[in-house]
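Colleague: Quick one, my_file.cif (mmCIF, C-alpha atoms):
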data_entry
loop_
_atom_site.group_PDB
_atom_site.id
_atom_site.type_symbol
_atom_site.label_atom_id
_atom_site.label_comp_id
_atom_site.auth_asym_id
_atom_site.auth_seq_id
_atom_site.Cartn_x
_atom_site.Cartn_y
_atom_site.Cartn_z
ATOM 1 C CA MET A 1 108.815 81.718 86.567
ATOM 2 C CA THR A 2 105.922 80.404 84.583
ATOM 3 C CA ALA A 3 104.432 82.826 82.087
ATOM 4 C CA ARG A 4 101.488 83.291 84.435
ATOM 5 C CA SER A 5 103.723 84.117 87.408
ATOM 6 C CA ALA A 6 105.879 86.441 85.332
ATOM 7 C CA ARG A 7 102.749 88.276 84.264
ATOM 8 C CA ALA A 8 101.667 88.514 87.913
ATOM 9 C CA ALA A 9 105.025 90.056 88.845
ATOM 10 C CA SER A 10 104.807 92.583 86.018
ATOM 11 C CA GLN A 11 101.273 93.541 87.091
ATOM 12 C CA LEU A 12 102.086 94.247 90.721
ATOM 13 C CA ASP A 13 101.126 97.743 91.784
ATOM 14 C CA TRP A 14 104.624 99.113 92.266
ATOM 15 C CA ALA A 15 103.105 102.498 93.136
ATOM 16 C CA ALA A 16 101.746 101.055 96.409
ATOM 17 C CA PRO A 17 103.450 102.972 99.248
ATOM 18 C CA TRP A 18 104.490 99.790 101.081
ATOM 19 C CA LEU A 19 106.422 98.669 97.994
ATOM 20 C CA ALA A 20 108.454 101.880 97.751
ATOM 21 C CA PRO A 21 111.696 100.311 99.114
ATOM 22 C CA TYR A 22 111.389 97.482 96.568
ATOM 23 C CA ARG A 23 110.111 99.350 93.533
ATOM 24 C CA GLU A 24 113.372 99.726 91.627
ATOM 25 C CA GLY A 25 114.554 96.181 92.251
ATOM 26 C CA GLY A 26 111.123 94.706 91.591
ATOM 27 C CA GLN A 27 110.756 96.440 88.259
ATOM 28 C CA ARG A 28 114.213 95.255 87.204
ATOM 29 C CA VAL A 29 113.347 91.678 88.141
ATOM 30 C CA ALA A 30 110.014 91.919 86.307
ATOM 31 C CA SER A 31 111.889 93.089 83.216
ATOM 32 C CA SER A 32 114.291 90.140 83.486
ATOM 33 C CA LEU A 33 111.366 87.740 83.918
ATOM 34 C CA ALA A 34 109.825 89.060 80.716
ATOM 35 C CA ASP A 35 112.584 87.223 78.810
ATOM 36 C CA GLY A 36 111.180 83.901 80.008
ATOM 37 C CA ARG A 37 113.777 83.068 82.669
ATOM 38 C CA PRO A 38 112.896 81.162 85.854
ATOM 39 C CA LEU A 39 112.717 83.470 88.853
ATOM 40 C CA ALA A 40 116.062 82.383 90.322
ATOM 41 C CA GLN A 41 117.841 83.081 87.043
ATOM 42 C CA ALA A 42 116.106 86.437 86.631
ATOM 43 C CA LEU A 43 117.219 87.438 90.123
ATOM 44 C CA ASN A 44 120.811 86.423 89.424
ATOM 45 C CA VAL A 45 120.794 88.599 86.295
ATOM 46 C CA VAL A 46 119.830 91.547 88.505
ATOM 47 C CA LEU A 47 122.466 90.578 91.088
ATOM 48 C CA ALA A 48 125.174 90.478 88.422
ATOM 49 C CA SER A 49 124.488 94.089 87.476
ATOM 50 C CA GLY A 50 125.221 95.430 90.956
ATOM 51 C CA PRO A 51 127.555 95.009 93.923
ATOM 52 C CA ALA A 52 128.090 91.526 95.345
ATOM 53 C CA PHE A 53 126.276 90.644 98.568
ATOM 54 C CA PRO A 54 128.754 88.475 100.494
ATOM 55 C CA LEU A 55 127.634 85.910 103.017
ATOM 56 C CA ALA A 56 130.117 83.901 105.059
ATOM 57 C CA ALA A 57 130.019 81.116 102.461
ATOM 58 C CA GLY A 58 130.410 83.395 99.435
ATOM 59 C CA PRO A 59 128.433 85.813 97.246
ATOM 60 C CA LEU A 60 124.658 85.609 97.442
ATOM 61 C CA ARG A 61 122.931 83.580 94.707
ATOM 62 C CA PHE A 62 119.387 82.405 94.087
ATOM 63 C CA VAL A 63 118.934 78.768 93.075
ATOM 64 C CA ASP A 64 116.278 76.233 92.173
ATOM 65 C CA PRO A 65 114.791 74.608 95.310
ATOM 66 C CA ASP A 66 115.954 71.200 94.070
ATOM 67 C CA GLU A 67 119.532 72.221 94.906
ATOM 68 C CA GLN A 68 118.703 72.053 98.624
ATOM 69 C CA PRO A 69 119.481 68.507 99.825
ATOM 70 C CA PRO A 70 116.587 66.576 101.399
ATOM 71 C CA GLY A 71 116.703 66.804 105.169
ATOM 72 C CA GLU A 72 118.833 69.950 105.364
ATOM 73 C CA ALA A 73 117.114 72.932 106.934
ATOM 74 C CA TYR A 74 116.469 75.873 104.591
ATOM 75 C CA GLU A 75 118.365 78.345 106.783
ATOM 76 C CA ALA A 76 121.295 75.978 107.289
ATOM 77 C CA PHE A 77 121.575 75.452 103.533
ATOM 78 C CA ILE A 78 121.744 79.206 102.932
ATOM 79 C CA ALA A 79 124.410 79.616 105.624
ATOM 80 C CA ARG A 80 126.491 76.755 104.180
ATOM 81 C CA THR A 81 126.249 77.708 100.497
ATOM 82 C CA ALA A 82 125.186 81.393 100.252
ATOM 83 C CA CYS A 83 122.411 80.110 97.965
ATOM 84 C CA VAL A 84 118.747 80.969 98.547
ATOM 85 C CA PRO A 85 116.307 78.311 97.245
ATOM 86 C CA THR A 86 113.698 80.206 95.249
ATOM 87 C CA ARG A 87 110.412 78.881 93.925
ATOM 88 C CA ASP A 88 108.560 80.432 91.007
ATOM 89 C CA ASN A 89 105.963 82.357 92.998
ATOM 90 C CA LEU A 90 105.305 85.833 94.360
ATOM 91 C CA HIS A 91 106.068 84.814 97.948
ATOM 92 C CA ASP A 92 109.644 83.921 97.031
ATOM 93 C CA LEU A 93 109.913 86.957 94.765
ATOM 94 C CA PHE A 94 109.216 89.193 97.758
ATOM 95 C CA ASN A 95 111.722 87.248 99.852
ATOM 96 C CA ALA A 96 114.348 87.838 97.178
ATOM 97 C CA LEU A 97 113.513 91.540 96.922
ATOM 98 C CA VAL A 98 114.070 91.902 100.658
ATOM 99 C CA TRP A 99 117.455 90.197 100.214
ATOM 100 C CA LEU A 100 118.290 92.694 97.468
ATOM 101 C CA ARG A 101 117.166 95.718 99.486
ATOM 102 C CA PHE A 102 118.301 94.735 103.001
ATOM 103 C CA PRO A 103 121.116 92.192 102.506
ATOM 104 C CA ALA A 104 122.856 92.929 105.804
ATOM 105 C CA LEU A 105 119.673 92.393 107.837
ATOM 106 C CA LYS A 106 118.784 89.214 105.956
ATOM 107 C CA ARG A 107 122.327 87.932 106.420
ATOM 108 C CA ARG A 108 122.123 88.632 110.170
ATOM 109 C CA LEU A 109 118.807 86.772 110.437
ATOM 110 C CA ASN A 110 120.274 83.812 108.582
ATOM 111 C CA GLU A 111 123.322 83.768 110.863
ATOM 112 C CA LEU A 112 121.082 83.697 113.932
ATOM 113 C CA GLN A 113 118.867 80.979 112.469
ATOM 114 C CA ALA A 114 121.890 78.856 111.566
ATOM 115 C CA GLU A 115 123.307 79.307 115.077
ATOM 116 C CA GLN A 116 120.035 78.148 116.617
ATOM 117 C CA ILE A 117 119.932 75.109 114.338
ATOM 118 C CA ALA A 118 123.548 74.247 115.148
ATOM 119 C CA GLN A 119 122.825 74.464 118.875
ATOM 120 C CA ALA A 120 119.503 72.633 119.030
ATOM 121 C CA GLY A 121 119.106 70.837 115.717
ATOM 122 C CA VAL A 122 115.812 70.649 113.858
ATOM 123 C CA GLY A 123 113.016 69.171 115.929
ATOM 124 C CA ALA A 124 109.247 69.088 116.085
ATOM 125 C CA THR A 125 109.241 72.652 117.432
ATOM 126 C CA ARG A 126 111.518 75.537 116.550
ATOM 127 C CA GLY A 127 111.981 76.996 120.015
ATOM 128 C CA ALA A 128 111.249 80.540 121.157
ATOM 129 C CA VAL A 129 114.157 82.285 119.423
ATOM 130 C CA ARG A 130 113.735 80.504 116.073
ATOM 131 C CA ASP A 131 109.990 81.155 116.191
ATOM 132 C CA ALA A 132 110.649 84.859 116.754
ATOM 133 C CA LEU A 133 113.263 84.963 113.997
ATOM 134 C CA THR A 134 110.835 83.342 111.568
ATOM 135 C CA LEU A 135 108.071 85.752 112.584
ATOM 136 C CA PHE A 136 110.416 88.678 111.983
ATOM 137 C CA ASP A 137 111.485 87.338 108.605
ATOM 138 C CA GLU A 138 107.906 86.735 107.487
ATOM 139 C CA ASN A 139 105.921 89.581 109.028
ATOM 140 C CA ALA A 140 108.111 92.338 110.480
ATOM 141 C CA ALA A 141 107.908 96.043 109.832
ATOM 142 C CA LEU A 142 110.737 98.381 110.852
ATOM 143 C CA TRP A 143 109.719 101.664 112.457
ATOM 144 C CA ARG A 144 111.353 104.836 113.644
ATOM 145 C CA ALA A 145 108.818 107.364 114.912
ATOM 146 C CA PRO A 146 108.237 110.347 117.216
ATOM 147 C CA PRO A 147 107.563 109.439 120.867
ATOM 148 C CA CYS A 148 103.914 110.489 120.652
ATOM 149 C CA LEU A 149 103.271 107.776 118.057
ATOM 150 C CA VAL A 150 105.265 105.098 119.851
ATOM 151 C CA GLY A 151 103.510 105.848 123.133
ATOM 152 C CA ALA A 152 100.073 105.740 121.535
ATOM 153 C CA LEU A 153 100.745 102.410 119.873
ATOM 154 C CA ARG A 154 102.097 100.869 123.090
ATOM 155 C CA VAL A 155 98.750 101.471 124.828
ATOM 156 C CA ARG A 156 96.734 100.781 121.644
ATOM 157 C CA ASP A 157 95.297 104.292 121.606
ATOM 158 C CA TRP A 158 94.380 104.087 117.939
ATOM 159 C CA HIS A 159 92.608 107.440 117.840
ATOM 160 C CA ALA A 160 95.713 109.203 119.175
ATOM 161 C CA LEU A 161 98.002 107.202 116.881
ATOM 162 C CA PHE A 162 96.132 107.782 113.638
ATOM 163 C CA VAL A 163 93.913 110.832 114.203
ATOM 164 C CA THR A 164 95.173 113.130 116.979
ATOM 165 C CA HIS A 165 98.838 112.740 115.992
ATOM 166 C CA ARG A 166 98.233 112.111 112.310
ATOM 167 C CA SER A 167 100.572 114.894 111.200
ATOM 168 C CA ALA A 168 103.444 113.290 113.174
ATOM 169 C CA TRP A 169 103.535 110.435 110.659
ATOM 170 C CA ARG A 170 105.384 112.822 108.341
ATOM 171 C CA ASP A 171 108.367 112.408 110.696
ATOM 172 C CA ALA A 172 108.083 108.615 110.945
ATOM 173 C CA GLN A 173 109.911 105.991 108.897
ATOM 174 C CA LEU A 174 108.076 102.733 108.267
ATOM 175 C CA MET A 175 109.415 99.933 106.064
ATOM 176 C CA LEU A 176 107.754 96.572 105.622
ATOM 177 C CA PHE A 177 110.390 93.857 105.877
ATOM 178 C CA GLY A 178 108.467 90.597 106.101
ATOM 179 C CA HIS A 179 108.040 88.937 102.716
ATOM 180 C CA ALA A 180 104.841 87.110 103.739
ATOM 181 C CA LEU A 181 103.448 90.478 104.812
ATOM 182 C CA LEU A 182 104.243 91.940 101.389
ATOM 183 C CA ASP A 183 102.663 88.900 99.748
ATOM 184 C CA LYS A 184 99.433 89.326 101.753
ATOM 185 C CA LEU A 185 99.223 92.953 100.651
ATOM 186 C CA THR A 186 98.867 91.917 97.006
ATOM 187 C CA GLN A 187 95.230 91.513 98.096
ATOM 188 C CA PRO A 188 94.874 94.333 100.643
ATOM 189 C CA ARG A 189 92.536 93.725 103.585
ATOM 190 C CA LYS A 190 91.912 95.992 106.536
ATOM 191 C CA ALA A 191 92.959 93.353 109.078
ATOM 192 C CA ILE A 192 96.485 92.751 107.700
ATOM 193 C CA THR A 193 98.762 93.405 110.663
ATOM 194 C CA ALA A 194 102.540 93.743 110.874
ATOM 195 C CA HIS A 195 104.737 92.889 113.836
ATOM 196 C CA LEU A 196 106.420 96.223 114.387
ATOM 197 C CA TRP A 197 110.007 96.492 115.640
ATOM 198 C CA PRO A 198 112.198 99.523 116.307
ATOM 199 C CA MET A 199 114.431 100.145 113.342
ATOM 200 C CA PRO A 200 117.857 98.680 114.209
ATOM 201 C CA ASP A 201 120.829 101.025 114.059
ATOM 202 C CA ALA A 202 122.943 98.108 112.794
ATOM 203 C CA PRO A 203 122.270 94.435 112.037
ATOM 204 C CA GLU A 204 124.323 93.459 115.109
ATOM 205 C CA ALA A 205 121.582 95.046 117.236
ATOM 206 C CA LEU A 206 119.467 92.004 116.379
ATOM 207 C CA THR A 207 120.386 89.472 119.064
ATOM 208 C CA PRO A 208 118.858 86.219 120.317
ATOM 209 C CA GLU A 209 117.923 88.011 123.544
ATOM 210 C CA LEU A 210 116.028 90.685 121.640
ATOM 211 C CA PHE A 211 114.042 88.122 119.692
ATOM 212 C CA ALA A 212 113.325 86.040 122.796
ATOM 213 C CA SER A 213 111.848 89.161 124.440
ATOM 214 C CA LYS A 214 109.121 89.413 121.773
ATOM 215 C CA SER A 215 109.241 93.199 122.036
ATOM 216 C CA TYR A 216 107.231 93.866 118.887
ATOM 217 C CA LEU A 217 103.992 95.822 118.576
ATOM 218 C CA PRO A 218 101.004 95.054 116.292
ATOM 219 C CA LEU A 219 100.226 97.557 113.541
ATOM 220 C CA PRO A 220 97.302 97.221 111.083
ATOM 221 C CA VAL A 221 99.262 98.604 108.155
ATOM 222 C CA LEU A 222 96.347 99.920 106.087
ATOM 223 C CA GLY A 223 95.679 102.354 108.917
ATOM 224 C CA VAL A 224 98.910 104.203 108.122
ATOM 225 C CA PRO A 225 98.104 107.700 106.830
ATOM 226 C CA GLY A 226 98.512 107.903 103.069
ATOM 227 C CA TRP A 227 98.587 104.126 102.632
ATOM 228 C CA TRP A 228 94.882 103.475 102.027
ATOM 229 C CA PRO A 229 92.218 105.943 100.835
ATOM 230 C CA ALA A 230 89.539 104.644 103.217
ATOM 231 C CA ASN A 231 91.525 105.653 106.297
ATOM 232 C CA GLU A 232 90.988 109.322 105.497
ATOM 233 C CA SER A 233 87.701 108.842 107.364
ATOM 234 C CA GLU A 234 87.996 108.768 111.167
ATOM 235 C CA GLY A 235 85.343 106.056 111.188
ATOM 236 C CA PHE A 236 87.821 103.704 109.529
ATOM 237 C CA TYR A 237 89.427 103.178 112.931
ATOM 238 C CA ASP A 238 86.150 102.437 114.754
ATOM 239 C CA ASP A 239 86.515 98.723 114.173
ATOM 240 C CA PRO A 240 87.393 96.818 117.372
ATOM 241 C CA GLY A 241 87.882 93.626 115.387
ATOM 242 C CA VAL A 242 90.989 95.206 113.801
ATOM 243 C CA PHE A 243 91.956 98.093 116.077
ATOM 244 C CA ARG A 244 91.801 96.160 119.320
ATOM 245 C CA ALA A 245 92.100 97.481 122.854
ATOM 246 C CA ALA A 246 95.234 96.633 124.831
ATOM 247 C CA ARG A 247 95.011 93.495 126.930
ATOM 248 C CA GLY A 248 94.514 94.175 130.598
#
In structure tokens, write the structure found in this file.

Modeller:
Amino acid sequence: MTARSARAASQLDWAAPWLAPYREGGQRVASSLADGRPLAQALNVVLASGPAFPLAAGPLRFVDPDEQPPGEAYEAFIARTACVPTRDNLHDLFNALVWLRFPALKRRLNELQAEQIAQAGVGATRGAVRDALTLFDENAALWRAPPCLVGALRVRDWHALFVTHRSAWRDAQLMLFGHALLDKLTQPRKAITAHLWPMPDAPEALTPELFASKSYLPLPVLGVPGWWPANESEGFYDDPGVFRAARG
């Protein structure tokens, strides 16, 4: 990473609740970056200090983007080499942190992407399944929650979700998975919305059919209790531009 980017990584607010799953790994990477290494090298230093993350092609590694041959799709290159092209920016830092924290899920996504590419090639459009896989990779949140919360979100009853049943969030598990979503939250805005999926019991639960169904739900993440001071006021949710009524 450039000195400027390394400084940006070290200055991230690792106390932010949405970064909790990535805090330990992120701080270790920031420490490695402080020695002046490019991001890919800093990540490999962290990888070397822990268990190997095997992909079908071998142990996971992060590499300079120039190692990806021109014309080869990003996902196909990862599947073929077990190497993740990594630029020196925060977006790719978050992508790498998700690999470090959820390697089995990232591996499953890559397998599905590579299968889609092998079947249909790379054209002007990705197709429904590849589009959904990319959306998941970039903007998904994983959620396990009491039925009262799930039901309220399905009908976009924001008052029930965040006010009436506010105490039920103590029994919910929410983890932001999408690296673009994490990147956007470096500059928090009320309208930032995750595509929410049920938390899979195992990576194999993620299937092409599931992604084609588009069974996600929208969640403005700064409405989550305890995630943003302003949402302690009920009036925070009286914003139809963000907390929109269900269609139909």

Colleague: Check what the PyMOL selection byres ((chain A and resi 38-50) around 12) selects in the file above and give those residues as a PDB file with C-alpha atoms, in the coordinates of the input.

Modeller:
ATOM      1  CA  MET A   1     108.815  81.718  86.567  1.00  0.00           C
ATOM      2  CA  THR A   2     105.922  80.404  84.583  1.00  0.00           C
ATOM      3  CA  ALA A   3     104.432  82.826  82.087  1.00  0.00           C
ATOM      4  CA  ARG A   4     101.488  83.291  84.435  1.00  0.00           C
ATOM      5  CA  SER A   5     103.723  84.117  87.408  1.00  0.00           C
ATOM      6  CA  ALA A   6     105.879  86.441  85.332  1.00  0.00           C
ATOM      7  CA  ARG A   7     102.749  88.276  84.264  1.00  0.00           C
ATOM      8  CA  ALA A   9     105.025  90.056  88.845  1.00  0.00           C
ATOM      9  CA  GLU A  24     113.372  99.726  91.627  1.00  0.00           C
ATOM     10  CA  GLY A  25     114.554  96.181  92.251  1.00  0.00           C
ATOM     11  CA  GLY A  26     111.123  94.706  91.591  1.00  0.00           C
ATOM     12  CA  GLN A  27     110.756  96.440  88.259  1.00  0.00           C
ATOM     13  CA  ARG A  28     114.213  95.255  87.204  1.00  0.00           C
ATOM     14  CA  VAL A  29     113.347  91.678  88.141  1.00  0.00           C
ATOM     15  CA  ALA A  30     110.014  91.919  86.307  1.00  0.00           C
ATOM     16  CA  SER A  31     111.889  93.089  83.216  1.00  0.00           C
ATOM     17  CA  SER A  32     114.291  90.140  83.486  1.00  0.00           C
ATOM     18  CA  LEU A  33     111.366  87.740  83.918  1.00  0.00           C
ATOM     19  CA  ALA A  34     109.825  89.060  80.716  1.00  0.00           C
ATOM     20  CA  ASP A  35     112.584  87.223  78.810  1.00  0.00           C
ATOM     21  CA  GLY A  36     111.180  83.901  80.008  1.00  0.00           C
ATOM     22  CA  ARG A  37     113.777  83.068  82.669  1.00  0.00           C
ATOM     23  CA  PRO A  51     127.555  95.009  93.923  1.00  0.00           C
ATOM     24  CA  ALA A  52     128.090  91.526  95.345  1.00  0.00           C
ATOM     25  CA  PHE A  53     126.276  90.644  98.568  1.00  0.00           C
ATOM     26  CA  PRO A  54     128.754  88.475 100.494  1.00  0.00           C
ATOM     27  CA  PRO A  59     128.433  85.813  97.246  1.00  0.00           C
ATOM     28  CA  LEU A  60     124.658  85.609  97.442  1.00  0.00           C
ATOM     29  CA  ARG A  61     122.931  83.580  94.707  1.00  0.00           C
ATOM     30  CA  PHE A  62     119.387  82.405  94.087  1.00  0.00           C
ATOM     31  CA  VAL A  63     118.934  78.768  93.075  1.00  0.00           C
ATOM     32  CA  ASP A  64     116.278  76.233  92.173  1.00  0.00           C
ATOM     33  CA  PRO A  65     114.791  74.608  95.310  1.00  0.00           C
ATOM     34  CA  ASP A  66     115.954  71.200  94.070  1.00  0.00           C
ATOM     35  CA  GLU A  67     119.532  72.221  94.906  1.00  0.00           C
ATOM     36  CA  CYS A  83     122.411  80.110  97.965  1.00  0.00           C
ATOM     37  CA  VAL A  84     118.747  80.969  98.547  1.00  0.00           C
ATOM     38  CA  PRO A  85     116.307  78.311  97.245  1.00  0.00           C
ATOM     39  CA  THR A  86     113.698  80.206  95.249  1.00  0.00           C
ATOM     40  CA  ARG A  87     110.412  78.881  93.925  1.00  0.00           C
ATOM     41  CA  ASP A  88     108.560  80.432  91.007  1.00  0.00           C
ATOM     42  CA  ASN A  89     105.963  82.357  92.998  1.00  0.00           C
ATOM     43  CA  LEU A  90     105.305  85.833  94.360  1.00  0.00           C
ATOM     44  CA  HIS A  91     106.068  84.814  97.948  1.00  0.00           C
ATOM     45  CA  ASP A  92     109.644  83.921  97.031  1.00  0.00           C
ATOM     46  CA  LEU A  93     109.913  86.957  94.765  1.00  0.00           C
ATOM     47  CA  PHE A  94     109.216  89.193  97.758  1.00  0.00           C
ATOM     48  CA  ASN A  95     111.722  87.248  99.852  1.00  0.00           C
ATOM     49  CA  ALA A  96     114.348  87.838  97.178  1.00  0.00           C
ATOM     50  CA  LEU A  97     113.513  91.540  96.922  1.00  0.00           C
ATOM     51  CA  VAL A  98     114.070  91.902 100.658  1.00  0.00           C
ATOM     52  CA  TRP A  99     117.455  90.197 100.214  1.00  0.00           C
ATOM     53  CA  LEU A 100     118.290  92.694  97.468  1.00  0.00           C
ATOM     54  CA  ARG A 101     117.166  95.718  99.486  1.00  0.00           C
ATOM     55  CA  PRO A 103     121.116  92.192 102.506  1.00  0.00           C
TER      56      PRO A 103
END

Colleague: Just give me the gap between CA of Leu222 (chain A) and CA of Thr207 (chain A) in Å, one decimal is fine.

Modeller: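 Separation between CA of Leu222 (chain A) and CA of Thr207 (chain A): 29.2 Å.
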
Colleague: Between CA of Gln173 (chain A) and CA of Ala145 (chain A), what is the spacing in Å?

Modeller: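 CA of Gln173 (chain A) lies 6.3 Å from CA of Ala145 (chain A).
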
Colleague: Counting only C-alpha atoms, which residue out of A:His179, A:Asp238, A:Pro70, A:Pro203 sits closest to Glu111 (chain A)?

Modeller: A:Pro203

Colleague: Please enumerate the residues selected by the PyMOL selection byres ((chain A and resi 189) around 12) when evaluated against the supplied file, formatted as an NGL selection string.

Modeller: :A and (181 or 183-188 or 190-193 or 220-223 or 228 or 230 or 242)
